[in-house]
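final31.txt (compact mmCIF, C-alpha atoms) appears below.
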# COMPACT_ATOMS: atom_id res chain seq x y z
CA MET A 10 27.55 54.81 -20.28
CA PRO A 11 27.44 56.47 -23.74
CA VAL A 12 26.87 54.16 -26.70
CA SER A 13 27.33 54.34 -30.47
CA VAL A 14 24.68 53.18 -32.91
CA PRO A 15 25.13 52.35 -36.63
CA SER A 16 23.43 54.93 -38.84
CA ALA A 17 21.36 52.35 -40.72
CA ALA A 18 20.03 50.93 -37.45
CA PHE A 19 19.11 54.42 -36.26
CA GLU A 20 17.34 55.24 -39.50
CA ALA A 21 15.24 52.07 -39.24
CA PHE A 22 14.45 52.83 -35.59
CA ILE A 23 13.32 56.39 -36.35
CA ARG A 24 11.21 55.13 -39.24
CA ASP A 25 9.50 52.63 -36.93
CA VAL A 26 8.93 55.22 -34.19
CA PHE A 27 7.32 57.70 -36.56
CA ALA A 28 5.13 55.02 -38.13
CA ALA A 29 4.01 53.96 -34.66
CA ALA A 30 3.27 57.61 -33.87
CA GLY A 31 0.81 57.71 -36.78
CA MET A 32 2.82 58.72 -39.83
CA SER A 33 2.41 56.86 -43.10
CA ALA A 34 5.19 54.46 -44.04
CA ASP A 35 6.21 56.73 -46.92
CA ASP A 36 6.36 59.87 -44.77
CA ALA A 37 8.26 58.08 -42.01
CA ALA A 38 10.76 56.81 -44.58
CA ALA A 39 11.14 60.31 -46.04
CA ALA A 40 11.73 61.93 -42.64
CA ALA A 41 14.10 59.48 -40.95
CA PRO A 42 17.21 60.12 -43.10
CA SER A 43 17.27 63.83 -42.21
CA PHE A 44 17.90 63.10 -38.52
CA VAL A 45 20.61 60.57 -39.31
CA TRP A 46 22.27 62.99 -41.76
CA ALA A 47 22.47 65.67 -39.08
CA SER A 48 23.83 63.32 -36.42
CA LEU A 49 26.40 61.84 -38.78
CA ARG A 50 27.72 65.32 -39.56
CA GLY A 51 27.93 66.29 -35.91
CA VAL A 52 24.87 68.56 -36.01
CA ASP A 53 23.47 66.67 -33.03
CA SER A 54 21.08 69.47 -32.09
CA HIS A 55 19.03 68.62 -35.19
CA GLY A 56 19.73 64.90 -35.29
CA VAL A 57 18.56 61.88 -33.36
CA SER A 58 18.12 63.98 -30.22
CA ARG A 59 15.06 65.54 -31.86
CA VAL A 60 13.14 62.27 -32.15
CA PRO A 61 11.61 62.39 -28.63
CA ARG A 62 10.57 66.01 -29.26
CA TYR A 63 8.81 65.02 -32.49
CA VAL A 64 6.92 62.29 -30.65
CA GLU A 65 5.82 64.94 -28.13
CA MET A 66 4.70 67.24 -30.96
CA PHE A 67 2.57 64.45 -32.44
CA ALA A 68 1.03 63.66 -29.06
CA SER A 69 0.24 67.31 -28.30
CA GLY A 70 -1.20 68.06 -31.73
CA VAL A 71 1.51 70.58 -32.63
CA ALA A 72 2.64 68.36 -35.52
CA ASN A 73 0.27 66.55 -37.85
CA PRO A 74 1.28 62.92 -38.52
CA THR A 75 -1.30 62.55 -41.32
CA PRO A 76 -1.16 65.87 -43.20
CA ASN A 77 -3.04 66.78 -46.36
CA ILE A 78 -0.13 68.44 -48.14
CA THR A 79 -1.21 70.56 -51.12
CA VAL A 80 0.86 72.11 -53.90
CA ASN A 81 0.04 75.32 -55.79
CA ASP A 82 2.01 75.34 -59.05
CA SER A 83 1.73 79.09 -59.39
CA ALA A 84 4.27 79.40 -62.25
CA PRO A 85 6.55 77.10 -64.30
CA ALA A 86 9.51 77.74 -61.98
CA VAL A 87 7.56 78.43 -58.78
CA ALA A 88 5.44 76.42 -56.37
CA VAL A 89 3.98 76.91 -52.91
CA VAL A 90 3.56 73.85 -50.71
CA ASP A 91 1.09 74.01 -47.82
CA ALA A 92 2.36 71.45 -45.33
CA ASP A 93 -0.77 71.25 -43.15
CA PHE A 94 1.57 71.20 -40.12
CA ALA A 95 3.52 68.20 -41.31
CA PRO A 96 7.01 67.75 -39.82
CA GLY A 97 9.60 69.75 -41.74
CA PRO A 98 11.51 66.71 -43.04
CA VAL A 99 8.32 65.42 -44.68
CA ALA A 100 7.24 68.69 -46.29
CA LEU A 101 10.69 69.92 -47.33
CA THR A 102 11.81 66.59 -48.77
CA ARG A 103 8.75 66.77 -50.99
CA ALA A 104 9.58 70.39 -51.84
CA VAL A 105 13.07 69.33 -52.91
CA ASP A 106 11.61 66.90 -55.44
CA ILE A 107 9.28 69.57 -56.81
CA ALA A 108 12.04 72.18 -57.06
CA VAL A 109 14.49 69.83 -58.75
CA ALA A 110 11.86 68.77 -61.30
CA LYS A 111 11.04 72.40 -62.11
CA ALA A 112 14.70 73.37 -62.39
CA ALA A 113 15.25 70.51 -64.84
CA THR A 114 13.01 72.26 -67.36
CA GLU A 115 13.31 75.91 -66.32
CA GLY A 116 16.98 76.12 -65.26
CA ALA A 117 16.03 77.51 -61.86
CA ALA A 118 13.18 77.09 -59.40
CA VAL A 119 11.82 78.55 -56.18
CA VAL A 120 9.56 76.46 -53.94
CA SER A 121 8.15 77.81 -50.70
CA VAL A 122 6.76 75.69 -47.86
CA ARG A 123 4.30 77.20 -45.44
CA ASN A 124 2.73 75.86 -42.26
CA THR A 125 5.23 73.19 -41.34
CA VAL A 126 6.67 72.45 -37.88
CA HIS A 127 10.38 72.34 -37.11
CA THR A 128 12.15 72.58 -40.43
CA GLY A 129 14.98 70.30 -39.30
CA ALA A 130 18.54 70.65 -40.54
CA ILE A 131 18.16 73.08 -43.46
CA GLY A 132 21.50 71.89 -44.83
CA TYR A 133 20.01 68.46 -45.44
CA TYR A 134 17.63 69.74 -48.11
CA ALA A 135 20.29 71.87 -49.79
CA SER A 136 22.55 68.80 -49.81
CA LEU A 137 19.83 66.65 -51.41
CA ILE A 138 19.70 69.22 -54.20
CA ALA A 139 23.50 69.28 -54.57
CA GLN A 140 23.56 65.48 -54.80
CA ARG A 141 21.60 65.86 -58.04
CA GLY A 142 24.21 68.16 -59.55
CA LEU A 143 22.35 71.39 -58.79
CA VAL A 144 23.01 74.32 -56.49
CA GLY A 145 20.64 74.37 -53.51
CA VAL A 146 19.76 77.30 -51.26
CA GLY A 147 17.42 77.04 -48.30
CA ILE A 148 16.14 79.54 -45.76
CA ALA A 149 13.57 79.18 -43.00
CA ALA A 150 11.68 81.23 -40.44
CA GLY A 151 9.70 80.35 -37.34
CA SER A 152 8.44 81.56 -34.00
CA PRO A 153 10.50 84.17 -32.14
CA MET A 154 13.28 82.62 -30.06
CA MET A 155 16.20 85.00 -30.68
CA SER A 156 16.74 88.55 -29.52
CA TYR A 157 16.54 91.43 -32.00
CA THR A 158 19.20 94.12 -31.72
CA GLY A 159 17.87 96.90 -29.51
CA ALA A 160 14.94 94.83 -28.17
CA VAL A 161 14.57 92.65 -25.07
CA GLY A 162 13.52 89.03 -25.08
CA ALA A 163 12.59 86.62 -27.86
CA SER A 164 11.78 88.85 -30.83
CA VAL A 165 12.67 87.00 -34.07
CA ALA A 166 13.52 83.44 -35.10
CA THR A 167 16.96 81.84 -35.22
CA SER A 168 16.30 81.66 -38.96
CA PRO A 169 18.80 79.38 -40.74
CA LEU A 170 20.47 79.56 -44.14
CA ALA A 171 22.00 76.72 -46.15
CA ILE A 172 23.82 76.79 -49.48
CA ALA A 173 25.12 73.61 -51.09
CA VAL A 174 27.29 73.42 -54.20
CA PRO A 175 27.60 70.04 -55.95
CA GLY A 176 30.68 67.95 -55.40
CA THR A 177 33.18 67.31 -58.17
CA GLY A 178 35.61 64.54 -58.93
CA ALA A 179 38.17 66.23 -56.72
CA HIS A 180 36.07 67.62 -53.88
CA ALA A 181 33.00 66.82 -51.80
CA PRO A 182 30.01 69.20 -51.95
CA VAL A 183 30.59 72.57 -50.31
CA VAL A 184 27.83 73.00 -47.75
CA LEU A 185 27.20 76.09 -45.65
CA ASP A 186 24.62 75.46 -42.90
CA MET A 187 24.19 78.21 -40.32
CA ALA A 188 21.66 79.88 -38.06
CA SER A 189 21.30 83.64 -37.83
CA SER A 190 21.98 83.26 -34.10
CA LEU A 191 25.30 82.63 -32.37
CA ILE A 192 23.89 79.33 -31.12
CA ALA A 193 20.81 77.31 -32.03
CA MET A 194 18.12 76.51 -29.45
CA GLY A 195 18.81 72.81 -29.95
CA LYS A 196 22.45 73.39 -29.02
CA ILE A 197 21.41 75.10 -25.80
CA ALA A 198 19.50 71.92 -24.99
CA GLN A 199 22.64 69.92 -25.74
CA TYR A 200 24.71 72.08 -23.39
CA LYS A 201 22.02 71.63 -20.75
CA ARG A 202 22.02 67.88 -21.24
CA SER A 203 25.78 67.70 -20.83
CA GLY A 204 25.99 70.29 -18.05
CA THR A 205 28.46 72.37 -20.06
CA PRO A 206 28.55 76.20 -19.84
CA LEU A 207 27.48 78.11 -22.94
CA PRO A 208 29.94 80.25 -24.92
CA GLU A 209 30.16 83.84 -23.73
CA GLY A 210 27.62 86.12 -25.38
CA ALA A 211 25.61 83.29 -26.94
CA ALA A 212 22.40 83.66 -24.98
CA THR A 213 20.44 85.63 -22.40
CA THR A 214 17.78 84.92 -19.82
CA ALA A 215 14.16 85.77 -20.68
CA ASP A 216 14.64 89.32 -19.37
CA GLY A 217 17.75 89.94 -21.50
CA THR A 218 20.46 89.25 -18.92
CA PRO A 219 23.54 87.64 -20.54
CA THR A 220 24.27 84.14 -19.20
CA ILE A 221 26.46 81.11 -19.83
CA ASP A 222 24.23 78.85 -17.71
CA PRO A 223 22.21 76.58 -20.03
CA GLU A 224 19.72 75.97 -17.24
CA VAL A 225 18.49 79.58 -17.35
CA ALA A 226 19.39 80.52 -20.94
CA LYS A 227 16.20 81.20 -22.87
CA VAL A 228 17.08 83.56 -25.74
CA PRO A 229 19.95 83.09 -28.22
CA THR A 230 21.66 86.26 -29.41
CA PRO A 231 21.96 87.18 -33.11
CA LEU A 232 25.11 86.41 -35.07
CA GLY A 233 26.98 89.65 -35.65
CA GLY A 234 24.43 91.72 -33.75
CA ALA A 235 22.27 93.74 -36.14
CA LYS A 236 23.49 91.64 -39.08
CA GLY A 237 22.08 88.43 -37.64
CA SER A 238 18.79 89.94 -36.54
CA GLY A 239 18.51 91.67 -39.92
CA LEU A 240 18.99 88.35 -41.71
CA SER A 241 16.27 86.76 -39.59
CA LEU A 242 13.86 89.58 -40.37
CA MET A 243 14.51 89.34 -44.11
CA PHE A 244 14.10 85.56 -44.04
CA GLU A 245 10.69 86.12 -42.43
CA MET A 246 9.86 88.40 -45.36
CA LEU A 247 11.06 85.88 -47.96
CA THR A 248 9.53 82.75 -46.45
CA SER A 249 6.45 83.88 -44.55
CA VAL A 250 5.23 87.26 -45.76
CA LEU A 251 5.96 86.24 -49.37
CA VAL A 252 3.40 83.40 -49.21
CA ALA A 253 0.81 85.23 -47.08
CA ALA A 254 1.70 83.23 -43.96
CA PRO A 255 3.36 85.77 -41.63
CA ILE A 256 4.63 84.50 -38.30
CA LEU A 257 6.15 87.47 -36.46
CA THR A 258 3.20 89.87 -36.55
CA PRO A 259 0.56 87.35 -35.38
CA TYR A 260 2.97 85.98 -32.77
CA HIS A 261 3.62 89.35 -31.18
CA ALA A 262 -0.13 89.99 -31.26
CA GLY A 263 -0.66 86.93 -29.06
CA GLN A 264 -1.27 84.23 -31.70
CA LYS A 265 1.54 81.90 -30.70
CA LYS A 266 0.71 78.69 -32.53
CA HIS A 267 3.91 76.88 -33.46
CA ARG A 268 4.67 76.80 -37.18
CA GLN A 269 7.52 77.43 -39.59
CA ASN A 270 7.96 78.40 -43.22
CA ALA A 271 10.81 77.78 -45.65
CA THR A 272 11.94 78.63 -49.16
CA LEU A 273 14.15 76.48 -51.40
CA ILE A 274 15.99 77.84 -54.43
CA VAL A 275 17.49 75.53 -57.05
CA LEU A 276 19.95 76.62 -59.77
CA ASP A 277 21.09 74.44 -62.66
CA PRO A 278 24.74 75.27 -63.51
CA THR A 279 24.27 74.06 -67.08
CA VAL A 280 22.11 77.08 -67.98
CA PHE A 281 24.53 79.61 -66.53
CA GLY A 282 28.15 78.97 -67.46
CA GLY A 283 27.95 75.24 -68.21
CA ALA A 284 28.26 72.20 -65.93
CA GLU A 285 31.89 71.35 -66.75
CA GLU A 286 33.01 74.95 -66.42
CA PHE A 287 31.20 75.25 -63.10
CA ALA A 288 32.78 72.07 -61.72
CA ALA A 289 36.23 73.25 -62.79
CA GLY A 290 35.60 76.61 -61.17
CA VAL A 291 34.46 74.97 -57.92
CA ASP A 292 37.62 72.85 -57.85
CA ALA A 293 39.82 75.87 -58.50
CA THR A 294 38.07 77.95 -55.85
CA VAL A 295 38.30 75.22 -53.18
CA ASP A 296 41.97 74.66 -54.04
CA THR A 297 42.58 78.41 -53.73
CA ILE A 298 41.06 78.48 -50.24
CA HIS A 299 43.03 75.41 -49.18
CA ALA A 300 46.25 77.08 -50.35
CA LEU A 301 45.75 80.33 -48.45
CA PRO A 302 48.50 81.23 -45.94
CA LYS A 303 47.60 79.70 -42.57
CA ALA A 304 47.30 81.76 -39.41
CA GLU A 305 49.44 80.79 -36.45
CA GLY A 306 48.25 77.57 -34.84
CA VAL A 307 46.02 76.59 -37.79
CA GLU A 308 46.73 73.23 -39.42
CA ARG A 309 44.33 73.48 -42.36
CA VAL A 310 42.17 76.10 -44.02
CA LEU A 311 38.77 74.52 -44.67
CA VAL A 312 35.73 75.30 -46.80
CA PRO A 313 32.17 75.07 -45.40
CA GLY A 314 31.02 71.52 -44.77
CA GLU A 315 34.47 69.97 -44.93
CA ARG A 316 34.81 69.27 -41.23
CA SER A 317 31.23 67.96 -41.09
CA ALA A 318 31.92 65.61 -43.99
CA GLU A 319 34.94 64.22 -42.13
CA THR A 320 32.81 63.76 -39.03
CA ALA A 321 30.24 61.92 -41.14
CA ALA A 322 32.90 59.58 -42.51
CA ALA A 323 34.15 58.81 -39.00
CA ARG A 324 30.68 58.27 -37.56
CA SER A 325 29.64 56.15 -40.53
CA ALA A 326 32.44 53.80 -39.54
CA SER A 327 32.12 53.91 -35.75
CA GLY A 328 28.44 54.74 -35.23
CA ILE A 329 26.51 57.77 -34.00
CA PRO A 330 27.42 58.55 -30.37
CA VAL A 331 24.54 58.83 -27.92
CA GLY A 332 24.87 60.15 -24.37
CA ASP A 333 23.23 58.59 -21.33
CA LYS A 334 20.36 61.09 -21.07
CA LEU A 335 19.36 60.83 -24.73
CA TRP A 336 19.64 57.04 -24.62
CA THR A 337 17.26 57.04 -21.64
CA GLU A 338 14.82 59.23 -23.57
CA LEU A 339 15.01 56.94 -26.61
CA THR A 340 14.49 53.94 -24.36
CA GLU A 341 11.30 55.53 -23.03
CA VAL A 342 10.09 56.30 -26.56
CA ALA A 343 10.82 52.74 -27.69
CA GLY A 344 9.03 51.31 -24.67
CA SER A 345 5.95 53.48 -25.20
CA PHE A 346 5.52 52.05 -28.71
CA GLY A 347 6.78 48.54 -28.02
CA ILE A 348 9.67 49.02 -30.45
CA PRO A 349 13.11 47.50 -29.82
CA LEU A 350 16.00 49.91 -29.45
CA PRO A 351 18.66 49.84 -32.15
CA THR A 352 21.60 47.63 -31.26
CA PRO A 353 24.69 49.67 -30.33
CA SER A 354 27.89 49.14 -32.27

Please lay out the structure from this file as structure tokens.
Amino acid sequence: MPVSVPSAAFEAFIRDVFAAAGMSADDAAAAAPSFVWASLRGVDSHGVSRVPRYVEMFASGVANPTPNITVNDSAPAVAVVDADFAPGPVALTRAVDIAVAKAATEGAAVVSVRNTVHTGAIGYYASLIAQRGLVGVGIAAGSPMMSYTGAVGASVATSPLAIAVPGTGAHAPVVLDMASSLIAMGKIAQYKRSGTPLPEGAATTADGTPTIDPEVAKVPTPLGGAKGSGLSLMFEMLTSVLVAAPILTPYHAGQKKHRQNATLIVLDPTVFGGAEEFAAGVDATVDTIHALPKAEGVERVLVPGERSAETAAARSASGIPVGDKLWTELTEVAGSFGIPLPTPS
């Protein structure tokens, strides 16, 4: 029977699991909130459901629980972080701090992260930046999982993009968080777990045959056809090739070691048009979108992140829902480390 778990209890549980898997207390504490953030906002494919997969990555050596993360401060507003195959939430949370500190003195900053594993919910890092009154942009690239227009099979990554604009007195932060594919790989796993058919056109089998069966779906299709695959390719250029850590070319040459790269961009509104003017403009823009004429059958016109924020408010009150299969997986993880499960609501 599905259960619901308070977010604080889940965060503590994830922290304990990662520490037991070999991570330092500080790194475990830095990583855990990203999973809870995603689950609270309904992005379950990148939330608590990922915890068993991370444990597997530690056990197999794909992810490094004790990384030697290094930072190359190549310019006043630029840095490159080598993650040493640390989990994405560890490396990118650190990159957020570096980027925000640089933007505080330079007005803008770009920080790239290379050689991490599973970036996590890219919107989380952009949101951390927005919480500090700055505009955050994040992009990521990884191993090929998505088809490329005109090609067969997994050719490029489902490279995500996130943009977060700070909240104001009248509105919550505006947060766009999207993959360049019609559906993320983690969502295919969710559909498989629930036994629900995939949306039409969202994925193919390994040989390129369209399918709605999550049991045989292997390759997500790009969002908007050539537009989505083009975005993924350019994100590879701006996250991987830019920092001399290409993924696509070595991968297609047979070097298929799992890794990901990401780039964060931070903009300080005060050095552009002014913080107060920016906040007023955000309010006016959101109000304009809300006031647009509604199409038939539409109750509200929403801005990016609005529905997720409402989901987060509801789940903060009632708990994060967990299905039977995931609860069984978490039970196995807890048992393997001798850690008690979080108490359901």

Mind checking which residues fall within 12 Å of A:His261, counting all atoms listed in the file, ignoring those fewer than 2 positions away in the same chain, and posting them as a compact mmCIF listing (two decimals) with C-alpha atoms, in the frame of the given file?
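Saved to part30.txt:
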# COMPACT_ATOMS: atom_id res chain seq x y z
CA SER A 152 8.44 81.56 -34.00
CA PRO A 153 10.50 84.17 -32.14
CA MET A 154 13.28 82.62 -30.06
CA GLY A 162 13.52 89.03 -25.08
CA ALA A 163 12.59 86.62 -27.86
CA SER A 164 11.78 88.85 -30.83
CA VAL A 165 12.67 87.00 -34.07
CA PRO A 255 3.36 85.77 -41.63
CA ILE A 256 4.63 84.50 -38.30
CA LEU A 257 6.15 87.47 -36.46
CA THR A 258 3.20 89.87 -36.55
CA PRO A 259 0.56 87.35 -35.38
CA GLY A 263 -0.66 86.93 -29.06
CA GLN A 264 -1.27 84.23 -31.70
CA LYS A 265 1.54 81.90 -30.70
CA LYS A 266 0.71 78.69 -32.53

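Among the candidates A:Gly290, A:Gly56, A:Gly142, A:Gly176, the one nearest to A:Gly195 when counting all atoms listed in the file is A:Gly56.
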
Counting only C-alpha atoms, which residues of stretch 243-332 of chain A fall within 10 Å of stretch 112-132 of chain A, and what is the closest atom pair for each with its distance in Å at one decimal, ordered by chain and rising number, as JSON lines?
{"residue": "A:Leu247", "atom": "CA", "partner": "A:Ser121", "partner_atom": "CA", "distance": 9.0}
{"residue": "A:Thr248", "atom": "CA", "partner": "A:Ser121", "partner_atom": "CA", "distance": 6.7}
{"residue": "A:Ser249", "atom": "CA", "partner": "A:Arg123", "partner_atom": "CA", "distance": 7.1}
{"residue": "A:Leu251", "atom": "CA", "partner": "A:Ser121", "partner_atom": "CA", "distance": 8.8}
{"residue": "A:Val252", "atom": "CA", "partner": "A:Arg123", "partner_atom": "CA", "distance": 7.3}
{"residue": "A:Ala253", "atom": "CA", "partner": "A:Arg123", "partner_atom": "CA", "distance": 8.9}
{"residue": "A:Ala254", "atom": "CA", "partner": "A:Arg123", "partner_atom": "CA", "distance": 6.7}
{"residue": "A:Pro255", "atom": "CA", "partner": "A:Arg123", "partner_atom": "CA", "distance": 9.4}
{"residue": "A:Ile256", "atom": "CA", "partner": "A:Asn124", "partner_atom": "CA", "distance": 9.7}
{"residue": "A:His267", "atom": "CA", "partner": "A:Val126", "partner_atom": "CA", "distance": 6.8}
{"residue": "A:Arg268", "atom": "CA", "partner": "A:Val126", "partner_atom": "CA", "distance": 4.8}
{"residue": "A:Gln269", "atom": "CA", "partner": "A:Thr125", "partner_atom": "CA", "distance": 5.1}
{"residue": "A:Asn270", "atom": "CA", "partner": "A:Arg123", "partner_atom": "CA", "distance": 4.4}
{"residue": "A:Ala271", "atom": "CA", "partner": "A:Val122", "partner_atom": "CA", "distance": 5.1}
{"residue": "A:Thr272", "atom": "CA", "partner": "A:Ser121", "partner_atom": "CA", "distance": 4.2}
{"residue": "A:Leu273", "atom": "CA", "partner": "A:Val120", "partner_atom": "CA", "distance": 5.2}
{"residue": "A:Ile274", "atom": "CA", "partner": "A:Val119", "partner_atom": "CA", "distance": 4.6}
{"residue": "A:Val275", "atom": "CA", "partner": "A:Ala118", "partner_atom": "CA", "distance": 5.2}
{"residue": "A:Leu276", "atom": "CA", "partner": "A:Ala117", "partner_atom": "CA", "distance": 4.5}
{"residue": "A:Asp277", "atom": "CA", "partner": "A:Gly116", "partner_atom": "CA", "distance": 5.1}
{"residue": "A:Pro278", "atom": "CA", "partner": "A:Gly116", "partner_atom": "CA", "distance": 8.0}
{"residue": "A:Thr279", "atom": "CA", "partner": "A:Gly116", "partner_atom": "CA", "distance": 7.8}
{"residue": "A:Val280", "atom": "CA", "partner": "A:Gly116", "partner_atom": "CA", "distance": 5.9}
{"residue": "A:Phe281", "atom": "CA", "partner": "A:Gly116", "partner_atom": "CA", "distance": 8.4}
{"residue": "A:Gly314", "atom": "CA", "partner": "A:Gly132", "partner_atom": "CA", "distance": 9.5}

Open item on the list: Give me the residues near A:Met32 as JSON, numbers by chain, where near means some atom within 7 Å (using all atoms listed in the file) and where sequence neighbours in that chain fewer than 5 positions away do not count.
Closed with: {"A": [27, 37, 74, 75]}

Write the residues of the preceding selection, restricted to C-alpha atoms, as a compact mmCIF listing (two decimals), in the frame of the given file.
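Okay, this is what ended up in part.txt:
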# COMPACT_ATOMS: atom_id res chain seq x y z
CA PHE A 27 7.32 57.70 -36.56
CA ALA A 37 8.26 58.08 -42.01
CA PRO A 74 1.28 62.92 -38.52
CA THR A 75 -1.30 62.55 -41.32

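Atom CA of A:Pro353 sits 12.6 Å away from atom CA of A:Thr340.
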
TODO: Rank A:Val90, A:Val64, A:Leu311, A:Ser54 by their smallest atom-to-atom distance to A:Asp25, using only C-alpha atoms, and report the top residue only.
DONE: A:Val64
